[in-house]
>>> print(open('coords.cif').read())   # mmCIF, C-alpha atoms; chains and numbers go by the auth columns
data_model
loop_
_atom_site.group_PDB
_atom_site.id
_atom_site.type_symbol
_atom_site.label_atom_id
_atom_site.label_comp_id
_atom_site.label_asym_id
_atom_site.label_seq_id
_atom_site.Cartn_x
_atom_site.Cartn_y
_atom_site.Cartn_z
_atom_site.B_iso_or_equiv
_atom_site.auth_seq_id
_atom_site.auth_asym_id
ATOM 1 C CA MET A 1 0.000 0.000 0.000 0.00 119 A
ATOM 2 C CA ASN A 2 1.374 3.369 -1.038 0.00 120 A
ATOM 3 C CA ILE A 3 0.843 6.155 1.473 0.00 121 A
ATOM 4 C CA ARG A 4 0.004 9.503 -0.103 0.00 122 A
ATOM 5 C CA TYR A 5 1.623 12.078 2.125 0.00 123 A
ATOM 6 C CA ASP A 6 0.340 14.857 -0.125 0.00 124 A
ATOM 7 C CA ILE A 7 -3.156 14.297 1.280 0.00 125 A
ATOM 8 C CA ILE A 8 -1.884 14.873 4.816 0.00 126 A
ATOM 9 C CA LEU A 9 0.054 17.958 3.748 0.00 127 A
ATOM 10 C CA ASP A 10 -2.907 19.403 1.842 0.00 128 A
ATOM 11 C CA TYR A 11 -5.220 19.016 4.824 0.00 129 A
ATOM 12 C CA LEU A 12 -2.680 19.762 7.560 0.00 130 A
ATOM 13 C CA PRO A 13 -3.868 23.398 8.097 0.00 131 A
ATOM 14 C CA LEU A 14 -7.448 22.149 8.322 0.00 132 A
ATOM 15 C CA PHE A 15 -6.449 19.351 10.697 0.00 133 A
ATOM 16 C CA ILE A 16 -4.789 21.963 12.925 0.00 134 A
ATOM 17 C CA LYS A 17 -7.862 24.188 12.726 0.00 135 A
ATOM 18 C CA GLY A 18 -10.090 21.229 13.540 0.00 136 A
ATOM 19 C CA THR A 19 -7.859 20.238 16.479 0.00 137 A
ATOM 20 C CA LEU A 20 -8.162 23.722 17.969 0.00 138 A
ATOM 21 C CA LEU A 21 -11.947 23.583 17.652 0.00 139 A
ATOM 22 C CA THR A 22 -11.955 20.104 19.186 0.00 140 A
ATOM 23 C CA LEU A 23 -10.059 21.434 22.189 0.00 141 A
ATOM 24 C CA GLY A 24 -12.376 24.447 22.381 0.00 142 A
ATOM 25 C CA LEU A 25 -15.474 22.237 22.328 0.00 143 A
ATOM 26 C CA THR A 26 -13.974 20.032 25.024 0.00 144 A
ATOM 27 C CA VAL A 27 -13.072 22.927 27.327 0.00 145 A
ATOM 28 C CA ALA A 28 -16.470 24.577 26.844 0.00 146 A
ATOM 29 C CA GLY A 29 -18.294 21.295 27.421 0.00 147 A
ATOM 30 C CA VAL A 30 -16.308 20.522 30.575 0.00 148 A
ATOM 31 C CA ALA A 31 -16.656 24.050 31.990 0.00 149 A
ATOM 32 C CA LEU A 32 -20.426 24.118 31.506 0.00 150 A
ATOM 33 C CA GLY A 33 -20.730 20.483 32.516 0.00 151 A
ATOM 34 C CA LEU A 34 -18.941 21.135 35.803 0.00 152 A
ATOM 35 C CA THR A 35 -21.272 24.009 36.653 0.00 153 A
ATOM 36 C CA ILE A 36 -24.470 22.204 35.685 0.00 154 A
ATOM 37 C CA GLY A 37 -23.217 18.920 37.124 0.00 155 A
ATOM 38 C CA LEU A 38 -22.556 20.419 40.554 0.00 156 A
ATOM 39 C CA PHE A 39 -26.096 21.814 40.624 0.00 157 A
ATOM 40 C CA ILE A 40 -27.595 18.482 39.530 0.00 158 A
ATOM 41 C CA GLY A 41 -25.439 16.500 41.940 0.00 159 A
ATOM 42 C CA LEU A 42 -26.556 18.640 44.865 0.00 160 A
ATOM 43 C CA GLY A 43 -30.154 18.394 43.666 0.00 161 A
ATOM 44 C CA LYS A 44 -29.958 14.610 43.592 0.00 162 A
ATOM 45 C CA MET A 45 -28.883 14.651 47.247 0.00 163 A
ATOM 46 C CA ALA A 46 -31.903 16.715 48.326 0.00 164 A
ATOM 47 C CA ASN A 47 -33.891 15.291 51.222 0.00 165 A
ATOM 48 C CA ARG A 48 -37.288 15.534 49.531 0.00 166 A
ATOM 49 C CA VAL A 49 -38.169 12.990 46.867 0.00 167 A
ATOM 50 C CA TRP A 50 -40.092 15.431 44.653 0.00 168 A
ATOM 51 C CA ILE A 51 -36.981 17.621 44.453 0.00 169 A
ATOM 52 C CA ARG A 52 -34.657 14.688 43.707 0.00 170 A
ATOM 53 C CA MET A 53 -36.746 13.057 40.976 0.00 171 A
ATOM 54 C CA PRO A 54 -36.161 15.597 38.128 0.00 172 A
ATOM 55 C CA PHE A 55 -32.401 15.407 38.708 0.00 173 A
ATOM 56 C CA ILE A 56 -32.442 11.609 38.863 0.00 174 A
ATOM 57 C CA TRP A 57 -34.296 11.371 35.545 0.00 175 A
ATOM 58 C CA TYR A 58 -32.005 13.953 33.952 0.00 176 A
ATOM 59 C CA ILE A 59 -29.062 11.725 34.823 0.00 177 A
ATOM 60 C CA ASN A 60 -30.914 8.607 33.690 0.00 178 A
ATOM 61 C CA PHE A 61 -31.731 10.130 30.306 0.00 179 A
ATOM 62 C CA PHE A 62 -28.291 11.471 29.432 0.00 180 A
ATOM 63 C CA ARG A 63 -26.425 8.437 30.760 0.00 181 A
ATOM 64 C CA GLY A 64 -28.901 5.941 29.318 0.00 182 A
ATOM 65 C CA THR A 65 -29.130 7.194 25.720 0.00 183 A
ATOM 66 C CA PRO A 66 -26.399 7.341 23.044 0.00 184 A
ATOM 67 C CA PHE A 67 -24.622 10.671 22.687 0.00 185 A
ATOM 68 C CA LEU A 68 -25.208 10.526 18.927 0.00 186 A
ATOM 69 C CA VAL A 69 -28.968 10.541 19.539 0.00 187 A
ATOM 70 C CA GLN A 70 -28.625 13.418 21.980 0.00 188 A
ATOM 71 C CA ILE A 71 -26.624 15.624 19.632 0.00 189 A
ATOM 72 C CA LEU A 72 -29.073 14.994 16.781 0.00 190 A
ATOM 73 C CA LEU A 73 -32.064 15.828 18.994 0.00 191 A
ATOM 74 C CA ILE A 74 -30.427 19.015 20.229 0.00 192 A
ATOM 75 C CA HIS A 75 -29.235 20.162 16.794 0.00 193 A
ATOM 76 C CA PHE A 76 -32.410 19.402 14.848 0.00 194 A
ATOM 77 C CA GLY A 77 -35.009 19.720 17.599 0.00 195 A
ATOM 78 C CA VAL A 78 -33.910 22.132 20.330 0.00 196 A
ATOM 79 C CA VAL A 79 -31.487 24.685 18.893 0.00 197 A
ATOM 80 C CA PRO A 80 -33.767 25.598 15.927 0.00 198 A
ATOM 81 C CA LEU A 81 -36.282 26.853 18.511 0.00 199 A
ATOM 82 C CA PHE A 82 -33.821 29.620 19.396 0.00 200 A
ATOM 83 C CA MET A 83 -31.828 30.209 16.196 0.00 201 A
ATOM 84 C CA THR A 84 -32.345 29.531 12.506 0.00 202 A
ATOM 85 C CA PRO A 85 -30.365 27.991 10.962 0.00 203 A
ATOM 86 C CA ALA A 86 -29.006 25.982 13.864 0.00 204 A
ATOM 87 C CA ASN A 87 -25.300 26.625 14.465 0.00 205 A
ATOM 88 C CA PRO A 88 -23.519 23.241 14.659 0.00 206 A
ATOM 89 C CA ILE A 89 -20.842 24.567 17.023 0.00 207 A
ATOM 90 C CA VAL A 90 -23.478 25.892 19.430 0.00 208 A
ATOM 91 C CA SER A 91 -25.376 22.604 19.180 0.00 209 A
ATOM 92 C CA ALA A 92 -22.206 20.624 19.866 0.00 210 A
ATOM 93 C CA ILE A 93 -21.333 22.697 22.947 0.00 211 A
ATOM 94 C CA ILE A 94 -24.850 22.353 24.358 0.00 212 A
ATOM 95 C CA ALA A 95 -24.935 18.606 23.729 0.00 213 A
ATOM 96 C CA LEU A 96 -21.473 18.067 25.227 0.00 214 A
ATOM 97 C CA ALA A 97 -22.291 20.193 28.275 0.00 215 A
ATOM 98 C CA LEU A 98 -25.623 18.501 28.994 0.00 216 A
ATOM 99 C CA ASN A 99 -24.172 15.029 28.493 0.00 217 A
ATOM 100 C CA SER A 100 -21.103 15.787 30.589 0.00 218 A
ATOM 101 C CA ALA A 101 -23.235 17.299 33.362 0.00 219 A
ATOM 102 C CA ALA A 102 -24.961 13.960 33.950 0.00 220 A
ATOM 103 C CA TYR A 103 -21.633 12.221 34.547 0.00 221 A
ATOM 104 C CA MET A 104 -20.192 15.163 36.496 0.00 222 A
ATOM 105 C CA ALA A 105 -23.240 15.103 38.774 0.00 223 A
ATOM 106 C CA GLU A 106 -22.527 11.509 39.789 0.00 224 A
ATOM 107 C CA ILE A 107 -18.858 12.329 40.317 0.00 225 A
ATOM 108 C CA PHE A 108 -19.754 15.274 42.555 0.00 226 A
ATOM 109 C CA ARG A 109 -22.342 13.224 44.454 0.00 227 A
ATOM 110 C CA ALA A 110 -19.921 10.369 45.086 0.00 228 A
ATOM 111 C CA GLY A 111 -17.130 12.768 46.059 0.00 229 A
ATOM 112 C CA ILE A 112 -19.285 14.723 48.502 0.00 230 A
ATOM 113 C CA GLN A 113 -20.780 11.597 50.069 0.00 231 A
ATOM 114 C CA SER A 114 -17.296 10.122 50.538 0.00 232 A
ATOM 115 C CA ILE A 115 -16.509 12.853 53.088 0.00 233 A
ATOM 116 C CA ASP A 116 -17.266 11.835 56.663 0.00 234 A
ATOM 117 C CA LYS A 117 -20.524 13.306 57.947 0.00 235 A
ATOM 118 C CA GLY A 118 -18.674 14.481 61.032 0.00 236 A
ATOM 119 C CA GLN A 119 -16.996 17.141 58.887 0.00 237 A
ATOM 120 C CA MET A 120 -20.346 18.800 58.196 0.00 238 A
ATOM 121 C CA GLU A 121 -21.428 18.475 61.814 0.00 239 A
ATOM 122 C CA ALA A 122 -18.171 20.034 63.009 0.00 240 A
ATOM 123 C CA ALA A 123 -18.515 22.921 60.570 0.00 241 A
ATOM 124 C CA ARG A 124 -22.107 23.547 61.631 0.00 242 A
ATOM 125 C CA SER A 125 -21.089 23.472 65.288 0.00 243 A
ATOM 126 C CA LEU A 126 -18.652 26.298 64.542 0.00 244 A
ATOM 127 C CA GLY A 127 -21.544 28.447 63.388 0.00 245 A
ATOM 128 C CA MET A 128 -21.282 27.911 59.636 0.00 246 A
ATOM 129 C CA THR A 129 -24.383 27.695 57.509 0.00 247 A
ATOM 130 C CA HIS A 130 -24.921 24.598 55.356 0.00 248 A
ATOM 131 C CA ARG A 131 -23.806 26.555 52.265 0.00 249 A
ATOM 132 C CA GLN A 132 -20.654 27.851 53.976 0.00 250 A
ATOM 133 C CA ALA A 133 -19.777 24.373 55.214 0.00 251 A
ATOM 134 C CA MET A 134 -20.177 22.928 51.724 0.00 252 A
ATOM 135 C CA LYS A 135 -18.103 25.691 50.140 0.00 253 A
ATOM 136 C CA LEU A 136 -15.303 25.926 52.707 0.00 254 A
ATOM 137 C CA VAL A 137 -15.069 22.431 54.191 0.00 255 A
ATOM 138 C CA ILE A 138 -16.742 19.668 52.171 0.00 256 A
ATOM 139 C CA LEU A 139 -16.129 20.627 48.520 0.00 257 A
ATOM 140 C CA PRO A 140 -12.363 21.365 48.882 0.00 258 A
ATOM 141 C CA GLN A 141 -11.823 17.906 50.406 0.00 259 A
ATOM 142 C CA ALA A 142 -14.137 16.190 47.941 0.00 260 A
ATOM 143 C CA PHE A 143 -12.483 17.858 44.951 0.00 261 A
ATOM 144 C CA LYS A 144 -9.173 16.112 45.642 0.00 262 A
ATOM 145 C CA ARG A 145 -10.933 12.754 45.506 0.00 263 A
ATOM 146 C CA MET A 146 -12.792 13.711 42.344 0.00 264 A
ATOM 147 C CA ILE A 147 -9.724 14.547 40.253 0.00 265 A
ATOM 148 C CA PRO A 148 -9.201 11.028 38.748 0.00 266 A
ATOM 149 C CA PRO A 149 -12.835 10.552 37.609 0.00 267 A
ATOM 150 C CA LEU A 150 -13.010 14.169 36.436 0.00 268 A
ATOM 151 C CA GLY A 151 -9.896 13.578 34.353 0.00 269 A
ATOM 152 C CA ASN A 152 -11.450 10.465 32.829 0.00 270 A
ATOM 153 C CA GLU A 153 -14.594 12.439 31.962 0.00 271 A
ATOM 154 C CA PHE A 154 -12.453 15.166 30.362 0.00 272 A
ATOM 155 C CA ILE A 155 -10.771 12.574 28.131 0.00 273 A
ATOM 156 C CA SER A 156 -14.066 10.862 27.288 0.00 274 A
ATOM 157 C CA LEU A 157 -15.590 14.191 26.309 0.00 275 A
ATOM 158 C CA LEU A 158 -12.613 14.970 24.076 0.00 276 A
ATOM 159 C CA LYS A 159 -13.246 11.784 22.117 0.00 277 A
ATOM 160 C CA GLU A 160 -16.999 12.396 22.008 0.00 278 A
ATOM 161 C CA THR A 161 -16.418 15.682 20.149 0.00 279 A
ATOM 162 C CA SER A 162 -15.752 13.532 17.076 0.00 280 A
ATOM 163 C CA LEU A 163 -19.511 12.912 16.836 0.00 281 A
ATOM 164 C CA ALA A 164 -20.034 16.637 16.214 0.00 282 A
ATOM 165 C CA ALA A 165 -18.861 15.914 12.661 0.00 283 A
ATOM 166 C CA ILE A 166 -22.274 14.351 12.004 0.00 284 A
ATOM 167 C CA ILE A 167 -23.888 17.801 12.292 0.00 285 A
ATOM 168 C CA ALA A 168 -21.100 19.472 10.254 0.00 286 A
ATOM 169 C CA ALA A 169 -19.240 21.115 13.135 0.00 287 A
ATOM 170 C CA PRO A 170 -15.782 21.660 11.599 0.00 288 A
ATOM 171 C CA GLU A 171 -13.788 19.864 14.278 0.00 289 A
ATOM 172 C CA LEU A 172 -11.002 17.341 13.718 0.00 290 A
ATOM 173 C CA MET A 173 -13.104 14.374 12.605 0.00 291 A
ATOM 174 C CA TYR A 174 -15.064 16.585 10.198 0.00 292 A
ATOM 175 C CA TRP A 175 -11.904 17.368 8.243 0.00 293 A
ATOM 176 C CA GLY A 176 -10.858 13.718 8.308 0.00 294 A
ATOM 177 C CA ARG A 177 -14.145 12.810 6.654 0.00 295 A
ATOM 178 C CA ALA A 178 -13.745 15.678 4.184 0.00 296 A
ATOM 179 C CA ALA A 179 -10.294 14.452 3.133 0.00 297 A
ATOM 180 C CA GLN A 180 -11.569 10.903 2.787 0.00 298 A
ATOM 181 C CA GLY A 181 -14.466 12.082 0.611 0.00 299 A
ATOM 182 C CA GLN A 182 -12.319 14.274 -1.614 0.00 300 A
ATOM 183 C CA TYR A 183 -9.523 11.791 -2.278 0.00 301 A
ATOM 184 C CA ILE A 184 -11.494 8.540 -1.808 0.00 302 A
ATOM 185 C CA ARG A 185 -8.724 7.409 0.514 0.00 303 A
ATOM 186 C CA VAL A 186 -9.293 6.012 3.992 0.00 304 A
ATOM 187 C CA TRP A 187 -5.900 5.314 5.526 0.00 305 A
ATOM 188 C CA GLU A 188 -4.181 8.689 5.296 0.00 306 A
ATOM 189 C CA PRO A 189 -6.902 10.966 6.723 0.00 307 A
ATOM 190 C CA TYR A 190 -8.211 8.612 9.390 0.00 308 A
ATOM 191 C CA ILE A 191 -4.814 7.447 10.621 0.00 309 A
ATOM 192 C CA THR A 192 -3.750 11.094 10.863 0.00 310 A
ATOM 193 C CA VAL A 193 -6.900 11.926 12.819 0.00 311 A
ATOM 194 C CA ALA A 194 -6.367 8.903 15.088 0.00 312 A
ATOM 195 C CA ILE A 195 -2.765 9.936 15.812 0.00 313 A
ATOM 196 C CA ILE A 196 -3.849 13.483 16.696 0.00 314 A
ATOM 197 C CA TYR A 197 -6.547 12.163 19.049 0.00 315 A
ATOM 198 C CA LEU A 198 -3.997 9.821 20.623 0.00 316 A
ATOM 199 C CA ILE A 199 -1.575 12.691 21.227 0.00 317 A
ATOM 200 C CA LEU A 200 -4.332 14.804 22.778 0.00 318 A
ATOM 201 C CA THR A 201 -5.634 12.052 25.063 0.00 319 A
ATOM 202 C CA LEU A 202 -2.162 11.010 26.213 0.00 320 A
ATOM 203 C CA SER A 203 -1.262 14.645 26.901 0.00 321 A
ATOM 204 C CA LEU A 204 -4.419 15.087 28.967 0.00 322 A
ATOM 205 C CA THR A 205 -3.707 11.848 30.831 0.00 323 A
ATOM 206 C CA TYR A 206 -0.214 13.003 31.803 0.00 324 A
ATOM 207 C CA LEU A 207 -1.563 16.439 32.774 0.00 325 A
ATOM 208 C CA MET A 208 -4.264 14.964 35.023 0.00 326 A
ATOM 209 C CA ASN A 209 -1.723 12.586 36.609 0.00 327 A
ATOM 210 C CA PHE A 210 0.543 15.556 37.305 0.00 328 A
ATOM 211 C CA ILE A 211 -2.310 17.535 38.900 0.00 329 A
ATOM 212 C CA GLU A 212 -3.295 14.508 40.981 0.00 330 A
ATOM 213 C CA ARG A 213 0.253 14.091 42.287 0.00 331 A
ATOM 214 C CA ARG A 214 0.493 17.802 43.134 0.00 332 A
ATOM 215 C CA MET A 215 -2.822 17.719 45.005 0.00 333 A
ATOM 216 C CA LYS A 216 -1.669 14.730 47.057 0.00 334 A
ATOM 217 C CA THR A 217 1.471 16.554 48.194 0.00 335 A
ATOM 218 C CA GLU A 218 -0.442 19.619 49.375 0.00 336 A
#
>>> encode(input="coords.cif", output="structure tokens")
Amino acid sequence: MNIRYDIILDYLPLFIKGTLLTLGLTVAGVALGLTIGLFIGLGKMANRVWIRMPFIWYINFFRGTPFLVQILLIHFGVVPLFMTPANPIVSAIIALALNSAAYMAEIFRAGIQSIDKGQMEAARSLGMTHRQAMKLVILPQAFKRMIPPLGNEFISLLKETSLAAIIAAPELMYWGRAAQGQYIRVWEPYITVAIIYLILTLSLTYLMNFIERRMKTE
């Protein structure tokens, strides 16, 4: 098999552009997912059942359905209600954030519940409100325990951005498919895309391991 390096060179600027968008989608999805996920995680731990139920079913829906289905529903069903035509980048960010939030919520819930209940009782005995105790005592301790699963979710979300190509968001996989369609060649564009994803995921893995080690020494 002859490898056509000219295909890689021709599409290299677009692969770089797509990689930057992939990273942007990942960061945006994680940032929004963290915020929404914390809210959902706290909601799921509410004492009253009628408060917990909407959060439980949110998590069930986004964890129990394929992300491909979710992104199609959001792009063709939800986003057009607010903008026409639907922007694929906006749709991708919303889908990634909502999907990530469901997993983040469970990470937050597990992290918070792993902290001994005596910590909350001690904080309350010092005169702190429940919100102050969560902010100043519980969450800082829980966050250290949440770093490994949060890192895994970050990496998973990075790979899930590839599905945004199905709605024509010009991320990395989109340009791999474009090169394959133009040249009717599979190996060169897809192997290049796979190598770039591998570099990104390995880099994120080493970064999260470094952060985890630093947090343990503090």
>>> closest_atom_pairs(input="coords.cif", of="region 148-213 of chain A", to="region 227-234 of chain A", cutoff="9 Å", atoms="all atoms listed in the file", output="CSV")
residue,atom,partner,partner_atom,distance
A:Leu156,CA,A:Arg227,CA,8.2
A:Ile158,CA,A:Arg227,CA,8.9
A:Gly159,CA,A:Arg227,CA,5.2
A:Leu160,CA,A:Arg227,CA,6.9
A:Lys162,CA,A:Arg227,CA,7.8
A:Met163,CA,A:Arg227,CA,7.3
>>> resolve_selection(input="coords.cif", expression="the PyMOL selection byres ((chain A and resi 258-275) around 9)", output="ChimeraX atom specification")
/A:143-145,147-148,214,217-218,221-222,225-226,228-233,252-257,276-279,318-320,322-323,325-327,329-330,333-334
>>> closest_residue(input="coords.cif", among="A:Tyr301, A:Ala215, A:Arg295, A:Met238", to="Phe185 (chain A)", atoms="only C-alpha atoms")
A:Ala215
>>> atom_distance(input="coords.cif", atom1="CA of Val304 (chain A)", atom2="CA of Leu316 (chain A)")
17.9 Å
>>> resolve_selection(input="coords.cif", expression="the PyMOL selection byres ((chain A and resi 282) around 10)", output="list of chain:residue names")
A:Thr140, A:Leu143, A:Phe185, A:Leu186, A:Ile189, A:Leu190, A:His193, A:Pro206, A:Ile207, A:Ser209, A:Ala210, A:Ile211, A:Ala213, A:Leu214, A:Glu278, A:Thr279, A:Ser280, A:Leu281, A:Ala283, A:Ile284, A:Ile285, A:Ala286, A:Ala287, A:Pro288, A:Glu289, A:Leu290, A:Met291, A:Tyr292
>>> closest_residue(input="coords.cif", among="A:Ile174, A:Ala240, A:Ile154, A:Ala164", to="Ile212 (chain A)", atoms="all atoms listed in the file")
A:Ile154
>>> closest_residue(input="coords.cif", among="A:Asn120, A:Leu130, A:Leu191, A:Met171", to="Val311 (chain A)", atoms="all atoms listed in the file")
A:Leu130
>>> closest_residue(input="coords.cif", among="A:Asp128, A:Leu152, A:Arg332, A:Phe157", to="Arg170 (chain A)", atoms="only C-alpha atoms")
A:Phe157
>>> atom_distance(input="coords.cif", atom1="CA of Thr153 (chain A)", atom2="CA of Tyr176 (chain A)")
15.0 Å
>>> atom_distance(input="coords.cif", atom1="CA of Arg166 (chain A)", atom2="CA of Leu244 (chain A)")
26.2 Å
>>> closest_residue(input="coords.cif", among="A:Leu139, A:Leu150, A:Ile302, A:Leu199", to="Ala220 (chain A)", atoms="all atoms listed in the file")
A:Leu150
>>> closest_residue(input="coords.cif", among="A:Ala251, A:Trp293, A:Gly299, A:Ile169", to="Lys235 (chain A)", atoms="all atoms listed in the file")
A:Ala251
